[in-house]
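Visitor: For reference, the structure I am asking about is given below.
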Amino acid sequence: MAKLPFEPATGHLGPVLDVRGVVKRFGSNIVLRGLDLAVDAHEVVVLLGASGSGKSTLLRTVNLLERVDDGQIFLQGTDITDPRIDDDAVRARIGVVFQHYNLFPHLSVLDNITLAARKVHGVPKQDAQDKGMSLLERIGLAQFARQFPDRLSGGQQQRVAIVRALATSPQLLLLDEITSALDPVLVGEVLDLVRELKEQGTTILMATHEIGFARQVADRVVFLEHGRIAEQGPPEQVIDAPSQPATRDFLARVLR
């Protein structure tokens with residue numbers, strides 16, 4: 001069967017990401033139960049919920065690392081759950097950062113950042129390196145461009161991972177618990193970078209356990225429980241005055 005390239009719908013004015021009725025099972029375990037979620041351009045949506053609530057699974061379905069069992073996911077108006085779609089073409093338009101940095105240890109910091117731009121998007125090497133250096137200068141790590149990742153602290157490696165995800169100018173940035181593997185001292189420098197991305201208008205869907213950060217940076221907080229959205233709204237509503245007992249119980253535990 002011929003693969004369909006990923007082509008954003010012409011003149012698309014709807015949400016960047018539109019998740020409709022998505023179901024995901026692992027054997028008899030239903031992780032996502034008919035979930036609906038839309039993320040608008042320049043919006044930062046933060047996913048909260050206990051372990052097993054479906055946050056990471058949702059992000060993995062959006063990036064096509066997991067296939068949905070039912071429902072559809074639209075990126076810029078195109079159904080990316082169509083089995084004929086070119087998965088790699090879709091992933092090339094989405095930036096992803098996981099909790100573990102996943103930098104290539106045998107490549108320099110600069111080569112890590114420029115690899116996708118050169119190999120996937122066909123950007124000339126010098127142009128990719130110029131952009132990579134510019135990004136490294138913005139986050140204060142230009143001096144490490146020729147070093148291997150193991151020369152950097154965990155916080156520095158995670159910032160490089162975020163910059164790598166940005167190097168191809170993605171339409172959507174997915175962040176999955178990007179501070180959970182970090183020493184608390186290093187968390188702040190990573191979250192500062194995400195805060196800067198928000199100010200620049202980056203469209204972000206992120207899962208985090210950093211409640212204080214979610215309160216500061218989110219346009220909308222979505223609380224997941226057992227694969228469904230139990231509550232969503234602005235952070236001052238969901239975090240500071242939740243209406244659902246499940247949300248109140250979760251926040252009471254994590255904010256002790």
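Residue numbering restarts at 1 in every chain; chains get A, B, ... in the order shown in the structure tokens, and ligands count up from 1 in that same order.
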Can you write out as a tab-separated table which residues of region 4-97 of chain A fall within 12 Å of region 106-125 of chain A, alongside each residue's closest atom pair and its distance in Å to one decimal, counting only C-alpha atoms and ordering rows by chain and ascending residue number?

Guide:
```
residue	atom	partner	partner_atom	distance
A:Asp88	CA	A:Val120	CA	8.7
A:Ala89	CA	A:Val120	CA	8.7
A:Val90	CA	A:Val120	CA	11.3
A:Arg91	CA	A:Val120	CA	10.0
A:Ala92	CA	A:Val120	CA	7.1
A:Arg93	CA	A:His121	CA	9.9
A:Ile94	CA	A:Ala116	CA	11.6
A:Gly95	CA	A:Ala116	CA	10.6
```

Visitor: Can I get the selected residues back with C-alpha atoms, as a JSON list (two decimals), in the first residue's frame?

Guide:
```
[["chain", "number", "residue", "atom", "x", "y", "z"],
["A", 88, "ASP", "CA", 8.36, 9.40, 9.37],
["A", 89, "ALA", "CA", 6.93, 12.39, 7.50],
["A", 90, "VAL", "CA", 4.59, 13.05, 10.44],
["A", 91, "ARG", "CA", 7.32, 12.66, 13.07],
["A", 92, "ALA", "CA", 9.48, 15.09, 11.11],
["A", 93, "ARG", "CA", 6.87, 17.79, 11.92],
["A", 94, "ILE", "CA", 6.69, 17.01, 15.64],
["A", 95, "GLY", "CA", 9.39, 17.70, 18.21]]
```

Visitor: I'd like the neighbourhood of Thr202 (chain A) as a list in words, where a residue qualifies if any of its atoms comes within 8 Å (using only C-alpha atoms), though same-chain residues fewer than 6 positions away should be ignored.

Guide: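 Non-adjacent residues within range: Ala41, His42, Glu43, Val44, Leu172 and Leu173 of chain A.
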
Visitor: Put those residues in a file: N, CA and C atoms, as a PDB file, in the first residue's frame.

Guide:
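Generated output (selection21.pdb):
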```
ATOM      1  N   ALA A  41      -2.943  26.630  18.094  1.00  0.00           N
ATOM      2  CA  ALA A  41      -1.635  27.221  17.796  1.00  0.00           C
ATOM      3  C   ALA A  41      -1.206  28.137  18.930  1.00  0.00           C
ATOM      4  N   HIS A  42       0.040  28.039  19.320  1.00  0.00           N
ATOM      5  CA  HIS A  42       0.679  28.866  20.355  1.00  0.00           C
ATOM      6  C   HIS A  42       0.158  28.573  21.755  1.00  0.00           C
ATOM      7  N   GLU A  43      -0.608  27.498  21.908  1.00  0.00           N
ATOM      8  CA  GLU A  43      -1.144  27.149  23.219  1.00  0.00           C
ATOM      9  C   GLU A  43      -0.206  26.178  23.925  1.00  0.00           C
ATOM     10  N   VAL A  44      -0.084  26.319  25.246  1.00  0.00           N
ATOM     11  CA  VAL A  44       0.650  25.373  26.077  1.00  0.00           C
ATOM     12  C   VAL A  44      -0.368  24.617  26.915  1.00  0.00           C
ATOM     13  N   LEU A 172       4.512  21.161  16.398  1.00  0.00           N
ATOM     14  CA  LEU A 172       4.038  20.801  17.734  1.00  0.00           C
ATOM     15  C   LEU A 172       5.212  20.237  18.512  1.00  0.00           C
ATOM     16  N   LEU A 173       5.331  20.642  19.780  1.00  0.00           N
ATOM     17  CA  LEU A 173       6.383  20.137  20.648  1.00  0.00           C
ATOM     18  C   LEU A 173       5.742  19.317  21.761  1.00  0.00           C
TER      19      LEU A 173
END
```

Visitor: Residues of region 64-141 of chain A classed as alpha helix (DSSP H) by DSSP on the backbone are to be reported as a PyMOL selection string.

Guide: chain A and resi 87-91+109-119+125-138

Visitor: Could the residues in this selection be saved with C-alpha atoms as a compact mmCIF listing (two decimals), in the first residue's frame?

Guide:
```
# COMPACT_ATOMS: atom_id res chain seq x y z
CA ASP A 87 4.90 7.93 9.86
CA ASP A 88 8.36 9.40 9.37
CA ALA A 89 6.93 12.39 7.50
CA VAL A 90 4.59 13.05 10.44
CA ARG A 91 7.32 12.66 13.07
CA VAL A 109 26.34 18.12 20.87
CA LEU A 110 26.16 20.05 17.60
CA ASP A 111 25.82 16.88 15.52
CA ASN A 112 23.01 15.69 17.80
CA ILE A 113 21.17 18.94 17.15
CA THR A 114 21.70 19.02 13.39
CA LEU A 115 21.24 15.34 12.53
CA ALA A 116 17.49 15.42 11.80
CA ALA A 117 17.68 18.70 9.89
CA ARG A 118 20.39 17.27 7.62
CA LYS A 119 19.22 13.68 7.23
CA LYS A 125 25.21 20.96 6.52
CA GLN A 126 26.45 24.54 6.95
CA ASP A 127 22.94 25.94 7.26
CA ALA A 128 22.04 23.29 9.83
CA GLN A 129 25.20 23.99 11.81
CA ASP A 130 24.62 27.74 11.72
CA LYS A 131 21.13 27.27 13.14
CA GLY A 132 22.41 24.74 15.67
CA MET A 133 25.07 27.12 16.93
CA SER A 134 22.52 29.91 17.15
CA LEU A 135 20.27 27.72 19.29
CA LEU A 136 23.17 26.67 21.52
CA GLU A 137 24.17 30.29 22.00
CA ARG A 138 20.60 31.12 23.06
```

Visitor: Please extract the residues of region 41-242 of chain A with a backbone DSSP assignment of strand (DSSP E or B) and present them as a ChimeraX atom specification.

Guide: /A:44-48,70-75,78-79,85,94-97,172-176,204-207,220-225,228-233

Visitor: Out of A:Pro105, A:Leu205, A:Val187, A:Val97, which residue has the shortest atom-to-atom distance to Val16 (chain A) when counting only C-alpha atoms?

Guide: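 Result for the nearest residue to Val16 (chain A): A:Leu205.
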
Visitor: Within 6 Å of region 216-221 of chain A, counting only C-alpha atoms, which residues show up once you throw out same-chain ones fewer than 5 positions away? Write them as a list in words, please.

Guide: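 The contact residues come out as Val44, Val45, Val46, Gln232, Gly233, Pro234 and Pro235 of chain A.
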
Visitor: Just want the 12 Å neighbourhood of Ile178 (chain A), counted on only C-alpha atoms, with same-chain residues fewer than 5 positions away dropped. Output as an MDAnalysis selection string.

Guide: chainID A and resid 56 96:102 154:155 157:162 183 186:191 193:194 205:210

Visitor: Write out, as a compact mmCIF listing (two decimals), in the first residue's frame, the residues just selected, with C-alpha atoms.

Guide:
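Result file follows (result.txt):
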```txt
# COMPACT_ATOMS: atom_id res chain seq x y z
CA SER A 56 2.65 9.29 28.29
CA VAL A 96 9.57 15.22 21.10
CA VAL A 97 11.58 15.26 24.33
CA PHE A 98 11.36 12.40 26.80
CA GLN A 99 12.35 12.22 30.46
CA HIS A 100 15.66 10.57 29.52
CA TYR A 101 17.67 12.77 27.22
CA ASN A 102 18.17 10.18 24.43
CA GLY A 154 21.87 16.29 33.24
CA GLY A 155 20.19 19.67 33.05
CA GLN A 157 21.78 17.50 28.32
CA GLN A 158 18.04 17.96 28.67
CA ARG A 159 18.27 21.52 27.38
CA VAL A 160 20.24 20.22 24.38
CA ALA A 161 17.52 17.60 23.82
CA ILE A 162 14.88 20.35 23.76
CA ASP A 183 18.43 16.45 40.28
CA LEU A 186 18.86 21.24 37.67
CA VAL A 187 15.09 21.33 37.18
CA GLY A 188 14.91 25.12 37.12
CA GLU A 189 17.22 25.61 34.14
CA VAL A 190 15.16 23.22 32.01
CA LEU A 191 11.85 24.79 33.00
CA LEU A 193 13.84 27.14 28.69
CA VAL A 194 10.26 25.87 28.38
CA LEU A 205 1.63 19.58 24.83
CA MET A 206 3.47 18.42 27.91
CA ALA A 207 3.13 15.98 30.79
CA THR A 208 4.71 17.06 34.04
CA HIS A 209 4.59 16.50 37.77
CA GLU A 210 5.82 20.06 38.43
```

Visitor: Can you work out the spacing between CA of Val222 (chain A) and CA of Leu47 (chain A) in Å, to one decimal?

Guide: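 A separation of 4.9 Å between them.
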
Visitor: Can you tell me which residues surround Gly14 (chain A) at a distance of at most 10 Å, considering only C-alpha atoms, apart from same-chain residues fewer than 3 positions away, and format the answer as a list in words?

Guide: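 Everything that qualifies: Ala9, Gly11, Leu17, Asp18, Ala38, Val39, Asp40, Ala41, Leu75, Gln76 and Gly77 of chain A.
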